[in-house]
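Following: one structure in structure tokens, then a few remarks.
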Amino acid sequence: MGGGRTLPEDMPMSPNISAPVLLVENAAVLQAVVRELGRHQLSPRVAGEVAELLRLLKMEPEATVFLDCRALMQHGVGLIARLRVASPGSRLVLLCSRDHPHHQSLVREAMDMGVYACLSAPYQDYEILAMVRPAQSRKPPRKPPPRRDG
């Protein structure tokens with residue numbers, strides 16, 4: 001794997017240490033999340049490998065970390081425990097697809113190990129933003145229920 005990740009040219013890496021951190025193996029998911037965060041002036045740090053992710057987390061006590069199911073399958077669910085030790089105040093967010101062969105068991109185990117949230121594809125922009133900026137994200141307004149007169 002290594003550091004072969006590329007970001008869109010208009011998404012420079014942020015020197016802001018509180019930027020979201022990603023370890024995402026699926027290139028399409030990675031680019032979609034980076035693009036959505038960039039639309040909100042958030043430039044995530046993309047870790048190319050676990051050692052790099054752990055290094056970033058030691059510097060950041062309250063990061064939002066996005067992992068996808070592929071990364072979790074490749075590195076094992078023990079990765080969650082390692083991330084919790086490296087940065088106990090961080091939010092770990094699992095990005096998964098219901099099409100993933102082990103979706104339910106993987107999500108259940110990850111949640112049991114302390115993952116903050118699991119988002120299922122297709123990921124909505126407000127869901128991604130809510131993980132990084134809970135107070136500033138807004139779910140699209142719902143239509144009010146029909147009034148019942150009588």
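Residues in the structure tokens are named by chain (A, B, ... in the order shown) and by number from 1 within that chain; ligands are numbered from 1 in the order shown.
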Distance query region 111-119 of chain A at most 8 Å, only C-alpha atoms, self and fewer than 5 positions along chain excluded, as a list in words: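 Once the adjacent positions are removed, what remains is Ile80, Ala81, Arg84, Arg91, Leu92, Val93, Leu94, Leu95, Cys96 and Glu127 of chain A.
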How about saving the chosen residues, C-alpha atoms kept, as an mmCIF file, in the first residue's frame?
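The resulting again_25.cif:
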data_model
loop_
_atom_site.group_PDB
_atom_site.id
_atom_site.type_symbol
_atom_site.label_atom_id
_atom_site.label_comp_id
_atom_site.auth_asym_id
_atom_site.auth_seq_id
_atom_site.Cartn_x
_atom_site.Cartn_y
_atom_site.Cartn_z
ATOM 1 C CA ILE A 80 -9.361 -0.089 16.678
ATOM 2 C CA ALA A 81 -7.720 -0.847 20.039
ATOM 3 C CA ARG A 84 -7.918 4.129 20.955
ATOM 4 C CA ARG A 91 -13.743 9.692 17.214
ATOM 5 C CA LEU A 92 -13.385 6.603 15.058
ATOM 6 C CA VAL A 93 -15.859 6.502 12.190
ATOM 7 C CA LEU A 94 -16.262 3.347 10.125
ATOM 8 C CA LEU A 95 -17.277 3.775 6.482
ATOM 9 C CA CYS A 96 -18.864 0.591 5.231
ATOM 10 C CA GLU A 127 -23.342 12.623 7.646
#
Spatial neighbours of His103 (chain A), 12 Å, only C-alpha atoms, chain gap at least 4 places, as a ChimeraX atom specification: /A:68-70,72-73,94-99,107-110,118-121
Shortest interatomic distance to Ala71 (chain A) - which of A:Leu106, A:Tyr123, A:Gly89, A:Lys58, counting only C-alpha atoms: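 Result for the nearest residue to Ala71 (chain A): A:Leu106.
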CA of Leu37 (chain A) to CA of Ile128 (chain A), straight-line distance in Å: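 Answer for the CA of Ile128 (chain A) to CA of Leu37 (chain A) separation: 7.6 Å.
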Among the residues A:Ala86, A:Glu25, A:Arg35, A:Glu62, the one that comes closest to Ala47 (chain A) [using only C-alpha atoms]: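 Under the stated criterion, the closest residue is A:Glu25.
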Given only C-alpha atoms as the counted atoms, nearest of A:Pro20, A:Val65, A:Pro88, A:Asp125 to Pro44 (chain A):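 The closest residue to Pro44 (chain A) is A:Pro20.
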Closest of A:Pro101, A:Val46, A:Tyr126, A:Ala27 to Thr64 (chain A) - atom-to-atom distances counting only C-alpha atoms: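 Closest to Thr64 (chain A), using only C-alpha atoms: A:Val46.
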Residue with smallest distance to Gln74 (chain A) - pool A:Val34, A:Ala130, A:Val50, A:Ala28, counting only C-alpha atoms: A:Val50
Residues flagged strand (DSSP E or B) by DSSP in region 78-147 of chain A, as a PyMOL selection string: chain A and resi 91-96+117-120
Between CA of Val24 (chain A) and CA of Leu129 (chain A) - distance in Å to one decimal: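 Interatomic distance, CA of Leu129 (chain A) to CA of Val24 (chain A): 16.7 Å.
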Between CA of Ser105 (chain A) and CA of Val33 (chain A) - distance in Å to one decimal: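 Spanning CA of Val33 (chain A) to CA of Ser105 (chain A) is a straight-line distance of 23.8 Å.
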